[in-house]
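A.B. asks: Starting off with a structure, shown below.
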Amino acid sequence: MNKILLVEDDEALGLAIEFSLRNEGYEVIRATSVKEAKSQFNDNTFDLAILDINLPDGNGYDLCLHFKNQNNATAIIFLTALDEEANVVMGLDIGGDDYITKPFRVRELMSRVRVQLRKQARVEEISMILISENIKVDMNQVKVYKNQGIVSLTSLEYKLLLTFMKNAHKILERDEILLKITDDVFFGENTLSVYIMRLREKIEDDPKNPQFIITKRGLGYHWDKDVNRE
């Protein structure tokens, strides 16, 4: 049974979401504040956390950062009335996996929950290590290494790296990459370019002259090195 942490201070909405999640067969623990959520997270292991952004003693962004620093395996869905693109990108940039704005249909939230849990299950099923020259990705521990030193990546940067390495030497179009790393409609080609630039800065010796992630003008991108699996 998947365990979910629901952080929502609106009593009526929180009870409705909790009831729906339990009806789907999930184990649910609900918190109404940052302090309570941190306490529950420290005492439990969660497969997924649903975080409201505006909380009485803080915000969901800080909670996400706190959770990711302790357990990168927990998927994060942000739940908020804020729908500006800047807020969406910020939530994803700090490690969020999905973002849903109020008002919303409970069925839509349940669908997004199932998607994130399926993604997590697939990663666990194919757990392995990918190695490409001095870059190593340990999918068992969700860690990336360069020259044996740990590389700190956001959730989307990690997904982007996996997408490239799992499709080594294959030219990936921008739309194809977007479909593989996010379901968010606000995440466009310009934002993708920013994430690729950031990823290059972290894994390339010379980001301005990349050796791993190569741009094919008018076509897309590809990982230009062999990738071995362990």
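Chain labels follow the order of the structure tokens: the first chain is A, the next B, and so on; residue numbering restarts at 1 in every chain, and ligands are counted from 1 in their shown order.
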Name the residues of chain A that fall into strand (DSSP E) according to DSSP on the backbone, using the chain letters and numbers of this document, as a ChimeraX atom specification.
C.D. replies: /A:3-7,27-31,48-52,54-55,58-59,75-80,98-101,129-132,135-138,143-146,149-151,213-216,220-223,228-229
A.B. asks: With stretch 81-102 of chain A as the partner and 10 Å as the cut-off, tabulate the residues of stretch 32-60 of chain A that qualify, each row holding the nearest pair of atoms and their distance in Å to one decimal, using only C-alpha atoms, sorted by chain and rising number, as a Markdown table.
C.D. replies:
```
| residue | atom | partner | partner_atom | distance |
| --- | --- | --- | --- | --- |
| A:Leu48 | CA | A:Asp97 | CA | 9.9 |
| A:Ala49 | CA | A:Gly96 | CA | 9.7 |
| A:Ile50 | CA | A:Tyr99 | CA | 9.4 |
| A:Leu51 | CA | A:Tyr99 | CA | 9.5 |
| A:Asp52 | CA | A:Ala81 | CA | 8.8 |
| A:Ile53 | CA | A:Ala81 | CA | 8.2 |
| A:Asn54 | CA | A:Ala81 | CA | 8.7 |
| A:Gly60 | CA | A:Gly91 | CA | 8.8 |
```
A.B. asks: So, counting only C-alpha atoms, which residue among A:Ile213, A:Ile135, A:Ala31, A:Met110 is closest to A:Leu160?
C.D. replies: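 Distance minimum relative to A:Leu160 lands on A:Ile213.
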A.B. asks: Which of chain A end up as alpha helix (DSSP H) when DSSP is run on this backbone - answer as a PyMOL selection string?
C.D. replies: chain A and resi 11-23+34-43+60-70+85-93+106-125+155-166+174-181+189-203
A.B. asks: Nearest to A:Glu157 among A:Phe78, A:Phe104, A:Tyr221, A:Tyr195, with distances taken over only C-alpha atoms: which residue is it?
C.D. replies: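 Under the stated criterion, the closest residue is A:Tyr195.
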A.B. asks: Excluding A:Asp138 and its own-chain neighbours fewer than 2 positions away, which residues fall within 12 Å of it when counting only C-alpha atoms? Please give them as a ChimeraX atom specification.
C.D. replies: /A:123-124,126-132,135-136,140-146,148,150-151,158,161-162,229-230
A.B. asks: Output N, CA, C and O atoms for every residue in that selection, as an mmCIF file, in the first residue's frame.
C.D. replies:
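Contents of selection03.cif, freshly written:
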```cif
data_model
loop_
_atom_site.group_PDB
_atom_site.id
_atom_site.type_symbol
_atom_site.label_atom_id
_atom_site.label_comp_id
_atom_site.auth_asym_id
_atom_site.auth_seq_id
_atom_site.Cartn_x
_atom_site.Cartn_y
_atom_site.Cartn_z
ATOM 1 N N VAL A 123 10.732 3.122 -12.075
ATOM 2 C CA VAL A 123 12.137 3.360 -11.742
ATOM 3 C C VAL A 123 12.655 2.264 -10.823
ATOM 4 O O VAL A 123 13.770 1.768 -10.972
ATOM 5 N N GLU A 124 11.823 1.853 -9.848
ATOM 6 C CA GLU A 124 12.247 0.819 -8.916
ATOM 7 C C GLU A 124 12.418 -0.523 -9.620
ATOM 8 O O GLU A 124 13.313 -1.298 -9.301
ATOM 9 N N ILE A 126 13.338 -1.101 -12.710
ATOM 10 C CA ILE A 126 14.496 -1.169 -13.605
ATOM 11 C C ILE A 126 15.750 -0.606 -12.942
ATOM 12 O O ILE A 126 16.659 -0.135 -13.614
ATOM 13 N N SER A 127 15.767 -0.645 -11.613
ATOM 14 C CA SER A 127 16.898 -0.081 -10.879
ATOM 15 C C SER A 127 18.221 -0.606 -11.415
ATOM 16 O O SER A 127 18.420 -1.808 -11.555
ATOM 17 N N MET A 128 19.124 0.300 -11.721
ATOM 18 C CA MET A 128 20.421 -0.074 -12.254
ATOM 19 C C MET A 128 21.326 1.141 -12.212
ATOM 20 O O MET A 128 20.944 2.214 -11.741
ATOM 21 N N ILE A 129 22.537 0.970 -12.711
ATOM 22 C CA ILE A 129 23.510 2.042 -12.760
ATOM 23 C C ILE A 129 23.876 2.312 -14.216
ATOM 24 O O ILE A 129 24.137 1.382 -14.976
ATOM 25 N N LEU A 130 23.874 3.579 -14.598
ATOM 26 C CA LEU A 130 24.270 3.994 -15.936
ATOM 27 C C LEU A 130 25.628 4.693 -15.848
ATOM 28 O O LEU A 130 25.823 5.550 -14.985
ATOM 29 N N ILE A 131 26.540 4.336 -16.751
ATOM 30 C CA ILE A 131 27.872 4.933 -16.751
ATOM 31 C C ILE A 131 28.221 5.389 -18.162
ATOM 32 O O ILE A 131 28.102 4.624 -19.118
ATOM 33 N N SER A 132 28.640 6.644 -18.278
ATOM 34 C CA SER A 132 29.081 7.201 -19.555
ATOM 35 C C SER A 132 30.340 8.017 -19.281
ATOM 36 O O SER A 132 30.271 9.135 -18.762
ATOM 37 N N ILE A 135 30.700 10.120 -16.063
ATOM 38 C CA ILE A 135 29.371 10.368 -15.493
ATOM 39 C C ILE A 135 28.729 9.043 -15.081
ATOM 40 O O ILE A 135 28.664 8.108 -15.881
ATOM 41 N N LYS A 136 28.248 8.991 -13.842
ATOM 42 C CA LYS A 136 27.617 7.780 -13.325
ATOM 43 C C LYS A 136 26.288 8.148 -12.679
ATOM 44 O O LYS A 136 26.211 9.082 -11.877
ATOM 45 N N ASN A 140 19.318 3.382 -8.195
ATOM 46 C CA ASN A 140 18.860 2.788 -6.943
ATOM 47 C C ASN A 140 18.793 3.843 -5.842
ATOM 48 O O ASN A 140 17.861 3.848 -5.029
ATOM 49 N N GLN A 141 19.780 4.715 -5.816
ATOM 50 C CA GLN A 141 19.856 5.727 -4.771
ATOM 51 C C GLN A 141 19.503 7.123 -5.266
ATOM 52 O O GLN A 141 19.543 8.085 -4.501
ATOM 53 N N VAL A 142 19.150 7.238 -6.552
ATOM 54 C CA VAL A 142 18.811 8.528 -7.177
ATOM 55 C C VAL A 142 19.969 9.515 -6.961
ATOM 56 O O VAL A 142 19.791 10.623 -6.453
ATOM 57 N N LYS A 143 21.165 9.092 -7.359
ATOM 58 C CA LYS A 143 22.349 9.931 -7.206
ATOM 59 C C LYS A 143 23.136 9.980 -8.509
ATOM 60 O O LYS A 143 23.174 9.003 -9.257
ATOM 61 N N VAL A 144 23.765 11.114 -8.749
ATOM 62 C CA VAL A 144 24.573 11.315 -9.951
ATOM 63 C C VAL A 144 25.991 11.685 -9.527
ATOM 64 O O VAL A 144 26.192 12.498 -8.609
ATOM 65 N N TYR A 145 26.962 11.095 -10.216
ATOM 66 C CA TYR A 145 28.362 11.347 -9.885
ATOM 67 C C TYR A 145 29.112 11.817 -11.131
ATOM 68 O O TYR A 145 28.859 11.351 -12.240
ATOM 69 N N LYS A 146 30.057 12.725 -10.909
ATOM 70 C CA LYS A 146 31.004 13.132 -11.949
ATOM 71 C C LYS A 146 32.405 13.025 -11.348
ATOM 72 O O LYS A 146 32.687 13.633 -10.314
ATOM 73 N N GLN A 148 33.484 10.695 -9.674
ATOM 74 C CA GLN A 148 33.253 10.102 -8.355
ATOM 75 C C GLN A 148 32.743 11.101 -7.322
ATOM 76 O O GLN A 148 32.508 10.737 -6.170
ATOM 77 N N ILE A 150 29.698 13.702 -6.046
ATOM 78 C CA ILE A 150 28.248 13.813 -6.227
ATOM 79 C C ILE A 150 27.879 15.115 -6.926
ATOM 80 O O ILE A 150 28.385 16.184 -6.588
ATOM 81 N N VAL A 151 26.985 15.010 -7.910
ATOM 82 C CA VAL A 151 26.454 16.171 -8.618
ATOM 83 C C VAL A 151 25.034 16.427 -8.123
ATOM 84 O O VAL A 151 24.189 15.534 -8.154
ATOM 85 N N TYR A 158 17.441 15.773 -13.197
ATOM 86 C CA TYR A 158 17.715 14.333 -13.096
ATOM 87 C C TYR A 158 16.940 13.565 -14.166
ATOM 88 O O TYR A 158 17.490 12.697 -14.853
ATOM 89 N N LEU A 161 18.540 14.185 -17.547
ATOM 90 C CA LEU A 161 19.773 13.409 -17.709
ATOM 91 C C LEU A 161 19.461 11.955 -18.032
ATOM 92 O O LEU A 161 20.070 11.356 -18.930
ATOM 93 N N LEU A 162 18.509 11.366 -17.307
ATOM 94 C CA LEU A 162 18.124 9.976 -17.575
ATOM 95 C C LEU A 162 17.587 9.818 -18.987
ATOM 96 O O LEU A 162 17.883 8.829 -19.666
ATOM 97 N N ARG A 229 25.437 -0.141 -18.828
ATOM 98 C CA ARG A 229 24.539 -0.419 -17.710
ATOM 99 C C ARG A 229 25.141 -1.470 -16.780
ATOM 100 O O ARG A 229 25.782 -2.415 -17.266
ATOM 101 N N GLU A 230 24.921 -1.299 -15.492
ATOM 102 C CA GLU A 230 25.365 -2.283 -14.513
ATOM 103 C C GLU A 230 24.185 -2.804 -13.728
ATOM 104 O O GLU A 230 23.215 -2.083 -13.501
#
```
A.B. asks: Please measure the separation of atom CA of A:Leu63 and atom CA of A:Phe41, giving the value in Å to one decimal.
C.D. replies: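 About the pair atom CA of A:Leu63 and atom CA of A:Phe41: they are 9.9 Å apart.
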A.B. asks: Could you tell me which of A:Ile214, A:Val106, A:Met165, A:Val34 comes closest to A:Leu15 if we count only C-alpha atoms?
C.D. replies: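 Counting only C-alpha atoms, the residue closest to A:Leu15 is A:Val106.
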